[in-house]
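Have a look at the structure below, then the notes.
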Amino acid sequence: MRKCLLYVLLGFVFLLHSCDKPPQTNVPDPIPDSTLGGVFILNEGLFTQGNASLGFIDYGLRKTYDDVFEAKNKRKLGDVLQSMTIINGKAYLVINNSNKIEVMNPKTFESLGTINGLRSPRYISKAGSSKIYVSDLYDNKITVIDLVTNTISGKINLLGWSEEMLSVNGKTYVTNVKTKGIAIIDENTDQIVDSISTPFAPKSLVLDSANMLWVLCGDINATDKRHYLLHIDLKNKTILNQWPINTPNTAASKLKINKMANTLFWIDEGVYKMSIYDKQLPITPVIEKNKRLFYGLGIDYKYNEIFVSDAKDFNSNSDIYRYDFAGNLLGKITGGKITGDFYFYHN
């Protein structure tokens, strides 16, 4: 009887002690002090809501972090994370609707400063050893930024909206969306010196292993409602091949290329894959859409993997899928609001 009474009293004491404990919550893993490499996940966030975020997949720790910039710097990135580029060991995060570029240490995620004074920045391209060019949606100019001071040092007049850019042998090729051409800038003089005629609205471009340019053109405002894939010889600035993209929604975007620079990838409902030596466009995608809304696309050079995001309803968190080049699913994770791009960082 005494033994039973003792057990009851002990149980009562344990119950009281348990009630004093605060409820347990899921505490996120602390971000690492330094990373050896991984994948940056660029989440645009909802337009005008200032909730852009920078996720990160740490390959070494095998962990995914939701927003390394905010966790490290105790402040939000801003409104619409458009693109990211690492130059001279620094990450430049283009925040489109906040009219700025955040400069960050890609190993520690620590802020190194902010470049202000931009109108609606889109993409960055290095132009020589000490400056970058910034394309813009509304400014009708390319902005020149001094990398030493991280300040605006000049403007290059352009006809309308500019998107992706590519630097080749001292020349920067700029997709001039509201025109039928690619502007060519001399990086020594910061002057437009030539152009290449294209169908309406060139947007994405990559360079292949033979130093040939590939460009995706097309926009919903095009008079023919068509998108095209172009193969361009840079030496004589002529189009070698021009393929009309015939899929129903004519919304081809996000042209990418693999590490060997011999295989192209792009989104057009599904994900398409094409060798630079092919003479016609692929008929079927390497990754089927399957009721998903593919929006962001990236190619991991080191591991030969395809990353593609499903933006869903453009309000929920995106799903991110990993595939091999044959289209076999390797994994799936949850991204942030509107995952629009990826940056693969292997140092």
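Identifiers in this document derive from the order of the structure tokens: chains are assigned A, B, ..., residues are numbered from 1 separately in each chain, and ligands are numbered from 1 in order of occurrence.
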
For this session: Find the residues around stretch 235-240 of chain A up to 12 Å (only C-alpha atoms counted), leave out those fewer than 2 positions away in its own chain, and share them as a PyMOL selection string.
Result: chain A and resi 168-169+171+173+181-184+194-199+210-215+228-233+242-243+276+279

For this session: Compile the contact shell of stretch 65-68 of chain A as JSON, numbers by chain: residues with an atom at most 12 Å away, counting only C-alpha atoms, same-chain residues fewer than 3 positions apart removed.
Result: {"A": [28, 29, 30, 31, 32, 33, 34, 35, 38, 39, 40, 41, 42, 43, 44, 45, 51, 52, 53, 54, 55, 56, 57, 58, 59, 61, 62, 71, 72, 73, 74, 75, 76, 77, 104, 105, 106, 107, 108, 109, 110, 111, 317, 318, 333, 334, 335, 336, 337, 339]}

Problem set entry | Shell around A:Pro282 at 8 Å using only C-alpha atoms, local window under 2 positions removed, as a PyMOL selection string | chain A and resi 272-274+280+284-285

Write a file of the selected residues as a CSV table (one decimal), in the first residue's frame, keeping all heavy atoms.
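As written to disk, selection-v8.csv reads:
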chain,number,residue,atom,x,y,z
A,272,TYR,N,12.3,21.4,-72.2
A,272,TYR,CA,12.8,20.9,-73.5
A,272,TYR,C,14.3,20.8,-73.4
A,272,TYR,O,15.0,21.7,-72.8
A,272,TYR,CB,12.3,21.7,-74.7
A,272,TYR,CG,10.9,21.4,-75.0
A,272,TYR,CD1,9.9,22.0,-74.3
A,272,TYR,CD2,10.6,20.5,-76.0
A,272,TYR,CE1,8.5,21.7,-74.6
A,272,TYR,CE2,9.2,20.2,-76.4
A,272,TYR,CZ,8.2,20.8,-75.6
A,272,TYR,OH,6.9,20.5,-75.9
A,273,LYS,N,14.9,19.9,-74.2
A,273,LYS,CA,16.3,19.7,-74.2
A,273,LYS,C,16.7,19.5,-75.7
A,273,LYS,O,16.0,18.7,-76.4
A,273,LYS,CB,16.7,18.4,-73.4
A,273,LYS,CG,18.1,17.9,-73.5
A,273,LYS,CD,18.2,16.6,-72.8
A,273,LYS,CE,19.5,15.9,-73.1
A,273,LYS,NZ,19.6,14.6,-72.5
A,274,MET,N,17.8,20.1,-76.1
A,274,MET,CA,18.2,20.0,-77.5
A,274,MET,C,19.7,20.1,-77.6
A,274,MET,O,20.4,21.0,-77.0
A,274,MET,CB,17.6,21.1,-78.3
A,274,MET,CG,18.0,21.3,-79.7
A,274,MET,SD,17.1,22.7,-80.5
A,274,MET,CE,18.0,22.8,-82.1
A,280,GLN,N,16.7,20.2,-86.0
A,280,GLN,CA,15.3,20.5,-85.8
A,280,GLN,C,15.0,20.5,-84.3
A,280,GLN,O,15.7,19.9,-83.5
A,280,GLN,CB,14.3,19.6,-86.5
A,280,GLN,CG,14.5,18.1,-86.0
A,280,GLN,CD,13.6,17.2,-86.8
A,280,GLN,OE1,13.0,17.6,-87.9
A,280,GLN,NE2,13.4,16.0,-86.4
A,284,THR,N,9.0,16.4,-78.2
A,284,THR,CA,8.4,16.1,-76.9
A,284,THR,C,9.4,16.7,-75.8
A,284,THR,O,10.6,16.7,-76.0
A,284,THR,CB,8.2,14.7,-76.6
A,284,THR,OG1,9.4,13.9,-76.8
A,284,THR,CG2,7.1,14.1,-77.6
A,285,PRO,N,8.9,17.1,-74.7
A,285,PRO,CA,9.8,17.6,-73.6
A,285,PRO,C,10.5,16.5,-72.9
A,285,PRO,O,10.1,15.4,-72.8
A,285,PRO,CB,8.8,18.3,-72.7
A,285,PRO,CG,7.5,17.6,-72.8
A,285,PRO,CD,7.5,17.2,-74.3

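Take the candidates A:Ser135, A:Ser309, A:Ser209, A:Thr189 and check each one against A:Val177 using only C-alpha atoms; the shortest distance goes to A:Ser135.
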
At a cut-off of 7 Å, using only C-alpha atoms, what residues contact A:Val134? Leave out same-chain residues fewer than 3 positions from it and give the result as a PDB file with N, CA, C and O atoms, in the first residue's frame.
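Saved the output as part12.pdb:
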ATOM      1  N   PRO A 121      15.886  47.326 -62.185  1.00  0.00           N
ATOM      2  CA  PRO A 121      16.979  46.470 -62.666  1.00  0.00           C
ATOM      3  C   PRO A 121      16.543  45.024 -62.888  1.00  0.00           C
ATOM      4  O   PRO A 121      15.668  44.521 -62.192  1.00  0.00           O
ATOM      5  N   ARG A 122      17.203  44.370 -63.853  1.00  0.00           N
ATOM      6  CA  ARG A 122      16.830  43.008 -64.229  1.00  0.00           C
ATOM      7  C   ARG A 122      18.002  42.017 -64.107  1.00  0.00           C
ATOM      8  O   ARG A 122      17.957  41.084 -63.346  1.00  0.00           O
ATOM      9  N   TYR A 123      19.076  42.243 -64.887  1.00  0.00           N
ATOM     10  CA  TYR A 123      20.205  41.311 -64.919  1.00  0.00           C
ATOM     11  C   TYR A 123      21.524  42.083 -64.901  1.00  0.00           C
ATOM     12  O   TYR A 123      21.569  43.271 -65.227  1.00  0.00           O
ATOM     13  N   ILE A 124      22.587  41.340 -64.549  1.00  0.00           N
ATOM     14  CA  ILE A 124      23.937  41.913 -64.448  1.00  0.00           C
ATOM     15  C   ILE A 124      24.874  41.145 -65.377  1.00  0.00           C
ATOM     16  O   ILE A 124      24.764  39.926 -65.527  1.00  0.00           O
ATOM     17  N   SER A 125      25.805  41.865 -65.975  1.00  0.00           N
ATOM     18  CA  SER A 125      26.862  41.232 -66.759  1.00  0.00           C
ATOM     19  C   SER A 125      28.178  41.956 -66.476  1.00  0.00           C
ATOM     20  O   SER A 125      28.231  43.196 -66.494  1.00  0.00           O
ATOM     21  N   ILE A 142      21.183  51.076 -70.195  1.00  0.00           N
ATOM     22  CA  ILE A 142      22.019  50.135 -69.453  1.00  0.00           C
ATOM     23  C   ILE A 142      22.797  50.955 -68.429  1.00  0.00           C
ATOM     24  O   ILE A 142      23.444  51.953 -68.774  1.00  0.00           O
ATOM     25  N   THR A 143      22.723  50.543 -67.171  1.00  0.00           N
ATOM     26  CA  THR A 143      23.443  51.260 -66.117  1.00  0.00           C
ATOM     27  C   THR A 143      24.836  50.670 -65.948  1.00  0.00           C
ATOM     28  O   THR A 143      24.997  49.443 -65.905  1.00  0.00           O
ATOM     29  N   VAL A 144      25.839  51.531 -65.848  1.00  0.00           N
ATOM     30  CA  VAL A 144      27.220  51.115 -65.631  1.00  0.00           C
ATOM     31  C   VAL A 144      27.553  51.331 -64.157  1.00  0.00           C
ATOM     32  O   VAL A 144      27.350  52.422 -63.621  1.00  0.00           O
TER      33      VAL A 144
END

For this session: If you run DSSP over the backbone, which residues in stretch 19-84 of chain A end up strand (DSSP E or B)? Put them as a PyMOL selection string.
Result: chain A and resi 37-43+53-58+63-65+81-84

Determine, counting only C-alpha atoms, which protein, DNA and RNA residues have an atom within 9 Å of an atom of A:Lys289; residues of the same chain fewer than 3 positions away are not included. Present the result as a JSON list (two decimals) with N, CA, C and O atoms, in the first residue's frame.
[["chain", "number", "residue", "atom", "x", "y", "z"],
["A", 268, "ASP", "N", 8.86, 25.48, -71.97],
["A", 268, "ASP", "CA", 7.70, 25.82, -72.78],
["A", 268, "ASP", "C", 6.59, 24.86, -72.38],
["A", 268, "ASP", "O", 6.40, 23.81, -73.00],
["A", 269, "GLU", "N", 5.91, 25.18, -71.31],
["A", 269, "GLU", "CA", 5.01, 24.29, -70.58],
["A", 269, "GLU", "C", 5.82, 23.20, -69.90],
["A", 269, "GLU", "O", 5.98, 23.20, -68.69],
["A", 270, "GLY", "N", 6.41, 22.26, -70.65],
["A", 270, "GLY", "CA", 7.37, 21.32, -70.10],
["A", 270, "GLY", "C", 8.78, 21.87, -70.25],
["A", 270, "GLY", "O", 8.99, 23.02, -70.64],
["A", 271, "VAL", "N", 9.78, 21.04, -69.91],
["A", 271, "VAL", "CA", 11.18, 21.41, -70.09],
["A", 271, "VAL", "C", 11.72, 20.68, -71.31],
["A", 271, "VAL", "O", 11.62, 19.45, -71.41],
["A", 285, "PRO", "N", 8.93, 17.10, -74.67],
["A", 285, "PRO", "CA", 9.81, 17.61, -73.61],
["A", 285, "PRO", "C", 10.54, 16.48, -72.90],
["A", 285, "PRO", "O", 10.05, 15.35, -72.85],
["A", 292, "ARG", "N", 1.59, 21.07, -63.79],
["A", 292, "ARG", "CA", 2.41, 22.01, -63.04],
["A", 292, "ARG", "C", 2.66, 23.27, -63.86],
["A", 292, "ARG", "O", 2.55, 23.26, -65.08],
["A", 293, "LEU", "N", 3.00, 24.37, -63.18],
["A", 293, "LEU", "CA", 3.29, 25.62, -63.86],
["A", 293, "LEU", "C", 4.79, 25.89, -63.70],
["A", 293, "LEU", "O", 5.22, 26.53, -62.75],
["A", 294, "PHE", "N", 5.58, 25.36, -64.63],
["A", 294, "PHE", "CA", 7.03, 25.52, -64.57],
["A", 294, "PHE", "C", 7.38, 26.99, -64.82],
["A", 294, "PHE", "O", 6.91, 27.61, -65.77]]

For this session: Kindly indicate which residue among A:Gly113, A:Gly170, A:Gly128, A:Gly50 lies nearest to A:Asn150, using only C-alpha atoms for the distances.
Result: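 So, comparing all the options, the nearest one is A:Gly113.
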
Problem set entry | Atom pair atom CA of A:Ser162 / atom CA of A:Asn176: separation (Å) | 4.6 Å

For this session: Between atom CA of A:Ile257 and atom CA of A:Gln191, measure the distance and give it in Å to one decimal.
Result: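 Rounded to one decimal, the two atoms are 28.3 Å apart.
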
Exercise. In Å to one decimal, how far is atom CA of A:Asn290 from atom CA of A:Asp324?
Worked result: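 So the two atoms, atom CA of A:Asp324 and atom CA of A:Asn290, lie 17.5 Å apart.
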
Exercise. Within 7 Å of A:Ile145, counting only C-alpha atoms, which residues qualify if same-chain residues fewer than 3 places away don't, as a ChimeraX atom specification?
Worked result: /A:131-133,150-153
